[in-house]
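target_26.csv follows; it contains CSV, C-alpha atoms.
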chain,number,residue,atom,x,y,z
M,1,MET,CA,78.1,110.8,116.8
M,2,GLY,CA,80.8,112.6,114.7
M,3,SER,CA,79.3,111.5,111.4
M,4,ILE,CA,78.8,112.8,107.9
M,5,LYS,CA,75.2,114.1,107.7
M,6,ASP,CA,74.6,113.4,104.0
M,7,MET,CA,75.8,109.9,102.8
M,8,THR,CA,74.4,110.6,99.3
M,9,PRO,CA,77.1,111.2,96.7
M,10,HIS,CA,76.3,114.5,95.1
M,11,ASP,CA,78.4,114.1,91.9
M,12,SER,CA,77.3,110.6,90.8
M,13,SER,CA,79.4,110.7,87.6
M,14,ARG,CA,82.6,111.4,89.6
M,15,VAL,CA,81.8,108.6,92.0
M,16,LEU,CA,81.2,106.2,89.2
M,17,ASP,CA,84.6,107.1,87.8
M,18,LYS,CA,86.2,106.4,91.1
M,19,ILE,CA,84.6,103.0,91.6
M,20,ALA,CA,85.0,101.8,88.0
M,21,GLY,CA,87.7,99.3,88.9
M,22,HIS,CA,85.6,97.7,91.7
M,23,GLU,CA,83.0,95.0,91.5
M,24,GLN,CA,80.7,96.5,94.2
M,25,VAL,CA,80.6,99.4,96.6
M,26,MET,CA,77.8,99.7,99.2
M,27,PHE,CA,77.0,102.8,101.2
M,28,CYS,CA,75.5,101.9,104.6
M,29,ASN,CA,73.3,104.3,106.6
M,30,ASP,CA,71.4,103.2,109.8
M,31,PRO,CA,70.0,106.2,111.6
M,32,GLY,CA,68.9,104.1,114.6
M,33,SER,CA,72.4,103.1,115.5
M,34,GLY,CA,74.2,106.0,114.0
M,35,LEU,CA,76.1,103.7,111.6
M,36,GLN,CA,77.5,105.3,108.5
M,37,ALA,CA,79.9,103.0,106.6
M,38,ILE,CA,81.1,102.0,103.2
M,39,ILE,CA,81.9,98.4,102.0
M,40,ALA,CA,84.0,98.0,98.9
M,41,ILE,CA,84.5,94.8,97.0
M,42,HIS,CA,87.4,95.1,94.6
M,43,ASN,CA,87.9,91.7,93.1
M,44,THR,CA,86.5,88.2,93.8
M,45,VAL,CA,88.5,86.2,91.1
M,46,LEU,CA,90.3,84.3,93.9
M,47,GLY,CA,87.3,83.9,96.1
M,48,PRO,CA,85.0,85.9,98.4
M,49,ALA,CA,86.4,89.3,99.3
M,50,LEU,CA,88.2,89.5,102.6
M,51,GLY,CA,89.4,92.7,104.4
M,52,GLY,CA,89.3,94.5,107.7
M,53,CYS,CA,86.9,97.2,108.8
M,54,ARG,CA,88.5,100.4,110.1
M,55,MET,CA,86.8,103.1,112.1
M,56,TYR,CA,87.9,106.7,111.6
M,57,PRO,CA,86.3,110.2,111.9
M,58,TYR,CA,86.6,111.1,108.2
M,59,GLU,CA,85.9,114.7,107.4
M,60,SER,CA,84.1,114.0,104.2
M,61,LEU,CA,82.4,111.2,102.3
M,62,ASP,CA,85.0,111.6,99.5
M,63,GLU,CA,87.8,111.0,102.0
M,64,ALA,CA,86.1,107.8,103.3
M,65,LEU,CA,85.4,106.6,99.8
M,66,ASP,CA,88.9,107.2,98.6
M,67,ASP,CA,90.3,105.3,101.6
M,68,VAL,CA,88.1,102.2,101.3
M,69,LEU,CA,88.7,102.0,97.5
M,70,ARG,CA,92.4,102.2,97.9
M,71,LEU,CA,92.5,99.7,100.8
M,72,SER,CA,90.2,97.2,99.1
M,73,GLU,CA,92.4,97.2,95.9
M,74,GLY,CA,95.4,96.6,98.1
M,75,MET,CA,93.7,93.6,99.6
M,76,THR,CA,93.3,92.0,96.2
M,77,TYR,CA,97.1,92.1,95.8
M,78,LYS,CA,97.7,91.0,99.4
M,79,CYS,CA,95.5,88.0,99.0
M,80,ALA,CA,97.1,87.1,95.7
M,81,ALA,CA,100.6,87.4,97.1
M,82,ALA,CA,99.7,85.3,100.2
M,83,ASP,CA,98.1,82.7,97.9
M,84,VAL,CA,94.8,82.5,99.9
M,85,ASP,CA,91.5,81.7,98.2
M,86,PHE,CA,90.0,85.1,98.9
M,87,GLY,CA,89.7,88.4,96.9
M,88,GLY,CA,90.1,92.0,98.0
M,89,GLY,CA,87.6,94.0,100.0
M,90,LYS,CA,87.5,96.5,102.8
M,91,ALA,CA,85.1,98.4,105.0
M,92,VAL,CA,85.2,101.8,106.8
M,93,ILE,CA,82.9,103.0,109.5
M,94,ILE,CA,82.7,106.8,109.8
M,95,GLY,CA,83.0,107.9,113.4
M,96,ASP,CA,85.4,108.4,116.3
M,97,PRO,CA,86.5,105.0,117.7
M,98,GLN,CA,87.0,106.5,121.1
M,99,THR,CA,83.5,107.9,121.5
M,100,ASP,CA,81.1,106.5,118.9
M,101,LYS,CA,81.2,102.7,119.4
M,102,THR,CA,78.1,100.9,120.6
M,103,PRO,CA,77.0,97.3,120.4
M,104,GLU,CA,74.0,98.4,118.2
M,105,LEU,CA,76.3,100.1,115.7
M,106,PHE,CA,78.3,96.9,115.1
M,107,ARG,CA,75.2,94.8,115.0
M,108,ALA,CA,73.9,97.1,112.3
M,109,PHE,CA,77.1,96.8,110.4
M,110,GLY,CA,76.9,93.0,110.7
M,111,GLN,CA,73.4,93.1,109.2
M,112,TYR,CA,74.8,95.0,106.1
M,113,VAL,CA,77.6,92.5,105.8
M,114,GLU,CA,75.0,89.7,105.9
M,115,THR,CA,73.1,91.2,102.9
M,116,LEU,CA,76.1,90.5,100.7
M,117,ASN,CA,75.4,86.8,101.0
M,118,GLY,CA,79.0,85.6,101.7
M,119,ARG,CA,80.7,87.9,99.1
M,120,PHE,CA,82.6,89.8,101.8
M,121,TYR,CA,84.3,88.7,105.1
M,122,THR,CA,85.6,91.2,107.5
M,123,GLY,CA,87.1,91.8,111.0
M,124,THR,CA,89.4,94.2,112.9
M,125,ASP,CA,91.5,97.0,111.4
M,126,MET,CA,92.6,100.5,112.6
M,127,GLY,CA,90.2,101.8,115.2
M,128,THR,CA,88.3,98.5,115.7
M,129,THR,CA,89.0,95.5,118.0
M,130,MET,CA,88.1,91.8,118.2
M,131,ASP,CA,85.5,92.6,120.9
M,132,ASP,CA,83.7,95.0,118.5
M,133,PHE,CA,83.0,92.1,116.1
M,134,VAL,CA,81.6,89.8,118.7
M,135,TYR,CA,78.5,92.0,118.3
M,136,ALA,CA,78.7,92.0,114.5
M,137,GLN,CA,79.0,88.2,114.6
M,138,LYS,CA,75.5,88.0,116.2
M,139,GLU,CA,74.1,89.2,112.8
M,140,THR,CA,76.4,87.4,110.3
M,141,ASN,CA,78.8,84.5,110.1
M,142,CYS,CA,81.0,86.5,107.7
M,143,ILE,CA,83.3,87.8,110.5
M,144,VAL,CA,86.9,86.8,111.1
M,145,GLY,CA,89.5,87.8,113.7
M,146,VAL,CA,87.3,87.3,116.7
M,147,PRO,CA,88.7,86.1,120.1
M,148,GLU,CA,89.6,82.4,120.5
M,149,ALA,CA,86.7,82.0,122.9
M,150,PHE,CA,84.3,82.8,120.0
M,151,GLY,CA,86.0,80.4,117.5
M,152,GLY,CA,88.6,82.8,116.2
M,153,GLY,CA,92.4,82.5,115.9
M,154,GLY,CA,93.2,85.1,118.5
M,155,ASP,CA,95.6,88.1,118.3
M,156,SER,CA,96.4,88.5,114.6
M,157,SER,CA,99.3,90.9,115.5
M,158,ILE,CA,101.3,87.8,116.5
M,159,PRO,CA,101.6,86.2,113.0
M,160,THR,CA,101.9,89.7,111.5
M,161,ALA,CA,105.0,90.4,113.6
M,162,LYS,CA,106.4,86.9,112.8
M,163,GLY,CA,106.0,87.6,109.2
M,164,VAL,CA,107.8,90.9,109.4
M,165,VAL,CA,110.7,89.1,111.1
M,166,TYR,CA,110.8,86.5,108.3
M,167,GLY,CA,110.8,89.4,105.9
M,168,LEU,CA,113.7,91.1,107.7
M,169,GLN,CA,115.6,87.9,107.4
M,170,ALA,CA,115.0,87.6,103.7
M,171,THR,CA,116.0,91.3,103.3
M,172,CYS,CA,119.2,90.8,105.2
M,173,HIS,CA,120.0,87.6,103.2
M,174,THR,CA,119.6,89.7,100.0
M,175,ILE,CA,121.7,92.7,101.0
M,176,PHE,CA,124.2,91.0,103.4
M,177,GLY,CA,124.2,87.4,102.2
M,178,SER,CA,123.1,86.2,105.7
M,179,ASN,CA,119.8,85.8,107.5
M,180,GLU,CA,121.5,87.0,110.7
M,181,LEU,CA,119.7,89.8,112.5
M,182,SER,CA,122.2,90.2,115.4
M,183,GLY,CA,124.6,93.1,115.1
M,184,ARG,CA,122.4,94.8,112.6
M,185,CYS,CA,121.0,98.3,113.1
M,186,PHE,CA,117.3,99.0,112.5
M,187,ALA,CA,115.2,102.2,112.6
M,188,LEU,CA,111.8,101.2,113.8
M,189,GLN,CA,108.8,103.6,113.5
M,190,GLY,CA,105.8,102.7,115.6
M,191,LEU,CA,105.7,100.5,118.7
M,192,GLY,CA,102.1,99.4,118.6
M,193,LYS,CA,100.8,95.8,118.6
M,194,VAL,CA,103.1,94.7,115.8
M,195,GLY,CA,106.1,97.0,116.1
M,196,TYR,CA,106.6,96.2,119.8
M,197,LYS,CA,106.7,92.5,119.1
M,198,VAL,CA,109.2,93.0,116.2
M,199,ALA,CA,111.3,95.2,118.4
M,200,MET,CA,111.4,92.6,121.2
M,201,HIS,CA,112.5,89.9,118.8
M,202,LEU,CA,115.3,92.1,117.4
M,203,LEU,CA,116.5,93.1,120.8
M,204,GLU,CA,116.6,89.4,121.9
M,205,GLN,CA,118.7,88.7,118.8
M,206,GLY,CA,121.2,91.4,119.8
M,207,ALA,CA,120.2,94.1,117.3
M,208,TYR,CA,120.7,97.8,117.7
M,209,LEU,CA,117.5,99.8,117.4
M,210,TYR,CA,116.5,103.4,116.8
M,211,VAL,CA,112.8,103.7,117.8
M,212,THR,CA,110.1,106.3,117.8
M,213,ASP,CA,106.5,106.3,119.0
M,214,LEU,CA,104.0,108.8,120.3
M,215,ASN,CA,103.1,106.6,123.2
M,216,MET,CA,105.7,106.9,126.0
M,217,GLU,CA,104.4,103.8,127.7
M,218,TRP,CA,105.6,101.7,124.7
M,219,ILE,CA,108.9,103.5,124.7
M,220,GLU,CA,109.5,102.9,128.4
M,221,ALA,CA,108.4,99.2,128.0
M,222,ILE,CA,110.9,98.6,125.1
M,223,GLN,CA,113.7,100.3,127.1
M,224,GLU,CA,113.0,97.9,129.9
M,225,VAL,CA,113.2,94.9,127.5
M,226,ALA,CA,116.5,96.2,126.2
M,227,LYS,CA,118.1,96.1,129.7
M,228,SER,CA,117.6,92.3,129.8
M,229,THR,CA,118.9,91.5,126.3
M,230,SER,CA,122.1,91.8,124.3
M,231,GLY,CA,120.5,94.4,122.1
M,232,THR,CA,120.4,98.1,122.6
M,233,VAL,CA,117.8,100.8,121.9
M,234,GLU,CA,118.0,104.6,121.3
M,235,VAL,CA,114.9,106.7,121.2
M,236,VAL,CA,114.6,109.4,118.6
M,237,ASP,CA,112.0,112.1,118.1
M,238,GLY,CA,109.4,111.9,115.4
M,239,ASP,CA,110.6,112.5,111.9
M,240,ALA,CA,114.3,112.1,112.9
M,241,ILE,CA,113.7,108.4,112.4
M,242,TYR,CA,114.0,108.9,108.6
M,243,GLN,CA,117.5,110.2,109.0
M,244,ALA,CA,118.7,107.4,111.3
M,245,ASP,CA,122.0,105.9,110.2
M,246,ALA,CA,120.6,102.3,110.2
M,247,ASP,CA,120.8,99.3,107.9
M,248,ILE,CA,117.0,98.9,107.5
M,249,PHE,CA,114.1,101.2,108.2
M,250,ILE,CA,111.0,99.3,109.6
M,251,PRO,CA,107.8,101.3,109.3
M,252,CYS,CA,105.1,99.9,111.6
M,253,ALA,CA,102.8,102.9,112.0
M,254,ILE,CA,101.1,105.1,109.4
M,255,GLY,CA,101.1,104.7,105.6
M,256,GLY,CA,102.5,107.0,103.0
M,257,VAL,CA,105.8,107.4,104.8
M,258,ILE,CA,107.8,106.8,101.6
M,259,ASN,CA,107.2,110.1,99.8
M,260,ASP,CA,109.0,113.1,98.2
M,261,ASP,CA,110.1,114.5,101.6
M,262,THR,CA,111.4,111.3,103.1
M,263,LEU,CA,113.1,109.8,100.1
M,264,ALA,CA,115.8,112.5,100.3
M,265,GLN,CA,116.4,111.7,104.0
M,266,PHE,CA,116.7,107.9,104.0
M,267,ARG,CA,120.3,106.6,104.8
M,268,VAL,CA,119.3,103.0,105.0
M,269,ARG,CA,120.0,100.1,102.6
M,270,ALA,CA,116.5,98.6,102.8
M,271,ILE,CA,112.9,99.3,104.0
M,272,ALA,CA,110.8,96.4,105.4
M,273,GLY,CA,108.0,96.8,107.8
M,274,SER,CA,104.4,96.2,108.7
M,275,ALA,CA,102.7,99.5,107.9
M,276,ASN,CA,100.0,99.4,105.1
M,277,ASN,CA,100.4,101.5,102.0
M,278,GLN,CA,103.9,102.6,102.8
M,279,LEU,CA,104.5,104.1,99.3
M,280,ALA,CA,102.8,107.5,98.8
M,281,SER,CA,102.6,106.4,95.1
M,282,GLN,CA,103.9,103.5,93.0
M,283,ALA,CA,106.5,106.0,91.5
M,284,HIS,CA,108.2,106.2,94.9
M,285,GLY,CA,108.9,102.4,94.8
M,286,VAL,CA,110.7,103.0,91.5
M,287,GLN,CA,112.6,105.9,93.1
M,288,LEU,CA,113.7,103.7,95.9
M,289,ALA,CA,115.2,101.2,93.4
M,290,GLU,CA,117.0,104.1,91.7
M,291,LYS,CA,118.5,105.1,95.0
M,292,GLY,CA,119.6,101.5,95.6
M,293,ILE,CA,117.3,101.0,98.6
M,294,LEU,CA,115.8,97.5,98.6
M,295,TYR,CA,112.0,97.7,99.4
M,296,ALA,CA,110.0,94.7,100.8
M,297,PRO,CA,106.5,95.3,99.4
M,298,ASP,CA,104.3,95.9,102.4
M,299,TYR,CA,101.4,93.7,101.3
M,300,ILE,CA,103.7,90.7,101.3
M,301,ILE,CA,105.7,91.3,104.4
M,302,ASN,CA,102.7,92.2,106.6
M,303,SER,CA,100.4,89.4,105.4
M,304,GLY,CA,100.7,87.2,108.5
M,305,GLY,CA,97.5,88.6,110.0
M,306,LEU,CA,95.7,88.0,106.7
M,307,ILE,CA,97.0,84.5,106.7
M,308,GLN,CA,95.5,83.9,110.2
M,309,VAL,CA,92.1,85.4,109.6
M,310,SER,CA,91.6,83.6,106.3
M,311,ASP,CA,92.7,80.3,107.9
M,312,GLU,CA,90.0,80.8,110.6
M,313,LEU,CA,87.3,80.0,108.0
M,314,TYR,CA,88.7,76.5,107.6
M,315,GLY,CA,88.8,76.1,111.4
M,316,ALA,CA,91.5,77.9,113.4
M,317,ASN,CA,94.8,76.1,113.4
M,318,LYS,CA,97.9,77.9,114.8
M,319,GLU,CA,100.4,75.4,113.4
M,320,ARG,CA,99.0,75.7,109.9
M,321,VAL,CA,99.1,79.5,110.2
M,322,LEU,CA,102.8,79.4,111.3
M,323,MET,CA,103.7,77.2,108.3
M,324,LYS,CA,102.0,79.5,105.9
M,325,THR,CA,103.5,82.6,107.5
M,326,LYS,CA,107.0,81.2,107.0
M,327,GLU,CA,106.4,81.3,103.3
M,328,ILE,CA,106.7,85.1,103.5
M,329,TYR,CA,110.5,84.6,103.6
M,330,TYR,CA,110.5,82.8,100.3
M,331,SER,CA,107.9,85.0,98.6
M,332,LEU,CA,110.1,88.1,99.3
M,333,LEU,CA,113.2,86.3,98.0
M,334,ASP,CA,111.3,85.5,94.8
M,335,VAL,CA,110.3,89.1,94.4
M,336,PHE,CA,113.8,90.4,95.0
M,337,GLN,CA,115.2,88.0,92.5
M,338,GLN,CA,112.5,88.7,89.9
M,339,ALA,CA,113.0,92.5,90.2
M,340,LYS,CA,116.8,92.0,89.6
M,341,LEU,CA,116.2,89.8,86.6
M,342,ASP,CA,113.6,92.1,85.0
M,343,GLY,CA,115.4,95.3,85.9
M,344,VAL,CA,112.4,96.7,87.7
M,345,SER,CA,111.5,97.9,91.2
M,346,THR,CA,110.4,95.3,93.7
M,347,ILE,CA,106.9,96.8,93.9
M,348,GLU,CA,106.6,96.4,90.1
M,349,ALA,CA,107.9,92.8,90.3
M,350,ALA,CA,105.5,92.0,93.1
M,351,ASN,CA,102.5,93.5,91.3
M,352,ARG,CA,103.4,91.5,88.2
M,353,ILE,CA,103.5,88.2,90.1
M,354,CYS,CA,100.1,89.0,91.7
M,355,GLU,CA,98.5,90.0,88.4
M,356,LYS,CA,99.7,86.8,86.8
M,357,ARG,CA,98.3,84.8,89.6
M,358,LEU,CA,94.9,86.6,89.2
M,359,GLU,CA,94.9,86.1,85.4
M,360,ASP,CA,95.8,82.4,85.8
M,361,ARG,CA,92.9,81.9,88.3
M,362,ARG,CA,90.5,83.8,86.0
M,363,ARG,CA,91.3,81.5,83.2
M,364,ARG,CA,91.0,78.4,85.4
M,365,ASN,CA,87.7,79.6,86.8
M,366,SER,CA,86.3,79.6,83.3
M,367,PHE,CA,86.0,75.8,83.6
M,368,TYR,CA,83.3,76.3,86.1
M,369,SER,CA,79.7,77.1,85.4
M,370,PRO,CA,78.7,80.8,86.2
M,371,GLY,CA,78.3,81.3,89.9
M,372,ILE,CA,80.1,78.1,90.9
M,373,ARG,CA,83.4,78.6,92.7
M,374,PRO,CA,86.2,76.0,93.5
M,375,LYS,CA,85.3,74.1,96.6
M,376,TRP,CA,86.6,75.2,99.9
M,377,LYS,CA,85.3,74.7,103.4
M,378,ILE,CA,83.8,77.6,105.3
M,379,ARG,CA,83.3,77.6,109.1
M,380,ASN,CA,79.7,77.0,110.2

Would you mind writing the structure in this file as structure tokens?
Amino acid sequence: MGSIKDMTPHDSSRVLDKIAGHEQVMFCNDPGSGLQAIIAIHNTVLGPALGGCRMYPYESLDEALDDVLRLSEGMTYKCAAADVDFGGGKAVIIGDPQTDKTPELFRAFGQYVETLNGRFYTGTDMGTTMDDFVYAQKETNCIVGVPEAFGGGGDSSIPTAKGVVYGLQATCHTIFGSNELSGRCFALQGLGKVGYKVAMHLLEQGAYLYVTDLNMEWIEAIQEVAKSTSGTVEVVDGDAIYQADADIFIPCAIGGVINDDTLAQFRVRAIAGSANNQLASQAHGVQLAEKGILYAPDYIINSGGLIQVSDELYGANKERVLMKTKEIYYSLLDVFQQAKLDGVSTIEAANRICEKRLEDRRRRNSFYSPGIRPKWKIRN
């Protein structure tokens, strides 16, 4: 097990400074299964925390802690933007997802989740799959995103991809005055579960694509799709995607791709994609606005998966998920308009909208007795 031997934070004052903005951070260590994990609950004003669990071979405890804190805070904004009755949380398991997974490890993780007494719901993320959480679900009911056969909503990449397409339509409407995707040129980074589905839709609509991905099987598959559609595809190598002469850049792979290095390379009019944490810092969102590049805040455009897994807790309903996912289009139009009216970047406008929603709910919750939350139905 490629784990971190000592899960005890050595500099407690520094750790306390890091977690000051979070409600609760739990370090999980189970020698029997080899589990080493961190669960971070950022904010439960809107409801119990909800966020995926990723598995990654972090090189240090600090690296794992920084990741889970950043991701859990992002989930607070994502839940607020999607207007679901959940707060922000996240979990990370320290280990190699290719070699360190066992049923016992995920059952142990489920036991830790259960000790939070419904304050945190979790499911798949980078490095984990729906099947992994079938084992965790044996220990706790606080699991979402499991296969349909186990009461889940199925593949969450489907609504995520649909949400990105709706976001692209809103972006095109804002910069071109039309929702039409045909005839537009897109630079798509990452042909994974979400990116591939987005690419297929764009090709079927007759779009021109520049694509890049490390997996040649995905590349070859999308080239085959292009042969049977009115769209076209051109493969570019790695970082060349940032210099593509396209209308819109669609990041669907790693985060932090909008940074000091790439800002000088972009030739697009807008950026709208599914990758999490696309901005290396909030300042880069401001710099995009200064360059005249329209940015669709990632936590809004990629929220289709969140919408599905949160919906599971009311009883999985695909039609209801689709209706809610379509709202991404209007949410982005509101953000774009508000940014223009206030003279701020789109990320600043989105953050303000989410923070107001959180503050409104905080005031409303004051009508309730301590510990009592607004009523909503949870899956048995």

Minimum-distance residue to Tyr135 of chain M, chosen among M:Ala108, M:Asn117, M:Thr122, M:Arg357 (using all atoms listed in the file) | M:Ala108

If we count all atoms listed in the file, what is near Gly87 of chain M at a cut-off of 7 Å, once residues fewer than 2 positions away on the same chain are taken out, given as an mmCIF file with C-alpha atoms, in the coordinates of the input?
data_model
loop_
_atom_site.group_PDB
_atom_site.id
_atom_site.type_symbol
_atom_site.label_atom_id
_atom_site.label_comp_id
_atom_site.auth_asym_id
_atom_site.auth_seq_id
_atom_site.Cartn_x
_atom_site.Cartn_y
_atom_site.Cartn_z
ATOM 1 C CA ASN M 43 87.900 91.700 93.100
ATOM 2 C CA THR M 44 86.500 88.200 93.800
ATOM 3 C CA VAL M 45 88.500 86.200 91.100
ATOM 4 C CA LEU M 46 90.300 84.300 93.900
ATOM 5 C CA GLY M 47 87.300 83.900 96.100
ATOM 6 C CA PRO M 48 85.000 85.900 98.400
ATOM 7 C CA ALA M 49 86.400 89.300 99.300
ATOM 8 C CA LEU M 50 88.200 89.500 102.600
ATOM 9 C CA THR M 76 93.300 92.000 96.200
ATOM 10 C CA CYS M 79 95.500 88.000 99.000
ATOM 11 C CA GLY M 89 87.600 94.000 100.000
#

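Nearest to Asn351 of chain M of all the residues M:His284, M:Arg184, M:Lys78, M:Lys90 is M:Lys78, counting all atoms listed in the file.
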
Distance of atom CA of Leu188 of chain M from atom CA of Ile241 of chain M, expressed in Å to one decimal place =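 Separating atom CA of Ile241 of chain M from atom CA of Leu188 of chain M is a distance of 7.6 Å.
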
In Å, how far is it from atom CA of Tyr58 of chain M to atom CA of Asp125 of chain M?
->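 The value is 15.3 Å.
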
Rounded to one decimal in Å, what is the spacing between atom CA of Gln36 of chain M and atom CA of Val113 of chain M?
->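 One can read the atom CA of Gln36 of chain M to atom CA of Val113 of chain M distance as 13.1 Å.
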
Could you list, with a cut-off of 12 Å and counting only C-alpha atoms, the residues of segment 202-259 of chain M near segment 289-293 of chain M, each shown with its nearest atom pair and the distance in Å rounded to one decimal, rows sorted by chain and ascending number, as a tab-separated table?
residue	atom	partner	partner_atom	distance
M:Asp247	CA	M:Ile293	CA	10.1
M:Ile248	CA	M:Ile293	CA	9.1
M:Phe249	CA	M:Ile293	CA	10.1
M:Ile258	CA	M:Ile293	CA	11.5

Keeping only C-alpha atoms, take the residues you just selected and write them out as a short mmCIF file (atom, residue, chain, number, x, y, z; two decimals), in the frame of the given file.
data_model
loop_
_atom_site.label_atom_id
_atom_site.label_comp_id
_atom_site.auth_asym_id
_atom_site.auth_seq_id
_atom_site.Cartn_x
_atom_site.Cartn_y
_atom_site.Cartn_z
CA ASP M 247 120.80 99.30 107.90
CA ILE M 248 117.00 98.90 107.50
CA PHE M 249 114.10 101.20 108.20
CA ILE M 258 107.80 106.80 101.60
#

Of M:Phe120, M:Phe266, M:Tyr196, M:Phe109, the one nearest to Val225 of chain M when counting only C-alpha atoms is M:Tyr196

Closest to Gly21 of chain M among M:Val211, M:Thr99, M:Asp62, M:Gly88, using only C-alpha atoms?
-> M:Gly88

Could you give me, as a list in words, the residues within 12 Å of Lys227 of chain M, counting only C-alpha atoms and dropping anything in the same chain fewer than 5 positions from it?
-> Met200, Leu203, Glu204, Gly206, Glu220, Ala221, Ile222, Thr232, Val233 and Glu234 of chain M

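Remark: for Gly123 of chain M, the closest of the candidate residues M:Leu105, M:Leu279, M:Val309, M:Ala339 is M:Val309 (distances computed over all atoms listed in the file).
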
Where does segment 241-325 of chain M meet segment 138-152 of chain M within 12 Å, residue by residue, with the nearest atom pair and distance in Å to one decimal for each, counting only C-alpha atoms, listed by chain and rising number, as CSV?
residue,atom,partner,partner_atom,distance
M:Gly305,CA,M:Gly145,CA,8.9
M:Leu306,CA,M:Gly145,CA,9.4
M:Ile307,CA,M:Gly145,CA,10.8
M:Gln308,CA,M:Gly145,CA,8.0
M:Val309,CA,M:Gly145,CA,5.4
M:Ser310,CA,M:Val144,CA,7.4
M:Asp311,CA,M:Val144,CA,9.3
M:Glu312,CA,M:Gly152,CA,6.1
M:Leu313,CA,M:Val144,CA,7.5
M:Tyr314,CA,M:Gly152,CA,10.7
M:Gly315,CA,M:Gly151,CA,8.0
M:Ala316,CA,M:Gly152,CA,6.3
M:Asn317,CA,M:Gly152,CA,9.5
M:Lys318,CA,M:Gly152,CA,10.6

Show which residues sit within 12 Å of Arg70 of chain M, as a PyMOL selection string. Count only C-alpha atoms, and ignore same-chain residues fewer than 5 positions away.
-> chain M and resi 18-19+21-22+39-42+51+63-65+75-77+88-92+255+276-277+280-281

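For the residues M:Thr212, M:Thr229, M:Gln338, M:Gln205, ranking by smallest atom-to-atom distance to Tyr242 of chain M using all atoms listed in the file places M:Thr212 first.
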
What would segment 285-299 of chain M look like with N, CA and C atoms restored, written as a short mmCIF file (atom, residue, chain, number, x, y, z; two decimals), in the coordinates of the input?
data_model
loop_
_atom_site.label_atom_id
_atom_site.label_comp_id
_atom_site.auth_asym_id
_atom_site.auth_seq_id
_atom_site.Cartn_x
_atom_site.Cartn_y
_atom_site.Cartn_z
N GLY M 285 108.20 103.75 94.74
CA GLY M 285 108.90 102.40 94.80
C GLY M 285 109.97 102.38 93.71
N VAL M 286 109.70 102.98 92.55
CA VAL M 286 110.70 103.00 91.50
C VAL M 286 111.87 103.92 91.93
N GLN M 287 111.58 105.02 92.59
CA GLN M 287 112.60 105.90 93.10
C GLN M 287 113.50 105.27 94.12
N LEU M 288 112.93 104.43 94.96
CA LEU M 288 113.70 103.70 95.90
C LEU M 288 114.74 102.80 95.21
N ALA M 289 114.26 102.09 94.19
CA ALA M 289 115.20 101.20 93.40
C ALA M 289 116.29 102.03 92.78
N GLU M 290 115.96 103.20 92.28
CA GLU M 290 117.00 104.10 91.70
C GLU M 290 118.01 104.53 92.67
N LYS M 291 117.60 104.68 93.93
CA LYS M 291 118.50 105.10 95.00
C LYS M 291 119.29 103.91 95.57
N GLY M 292 118.97 102.69 95.10
CA GLY M 292 119.60 101.50 95.60
C GLY M 292 119.14 101.04 96.96
N ILE M 293 117.90 101.43 97.30
CA ILE M 293 117.30 101.00 98.60
C ILE M 293 116.33 99.85 98.27
N LEU M 294 116.60 98.70 98.85
CA LEU M 294 115.80 97.50 98.60
C LEU M 294 114.45 97.67 99.41
N TYR M 295 113.34 97.49 98.73
CA TYR M 295 112.00 97.70 99.40
C TYR M 295 111.29 96.32 99.39
N ALA M 296 110.86 95.92 100.59
CA ALA M 296 110.00 94.70 100.80
C ALA M 296 108.57 95.15 100.64
N PRO M 297 107.89 94.82 99.54
CA PRO M 297 106.50 95.30 99.40
C PRO M 297 105.65 95.00 100.60
N ASP M 298 104.97 96.05 101.08
CA ASP M 298 104.30 95.90 102.40
C ASP M 298 103.20 94.86 102.36
N TYR M 299 102.50 94.69 101.24
CA TYR M 299 101.40 93.70 101.30
C TYR M 299 101.86 92.28 101.29
#
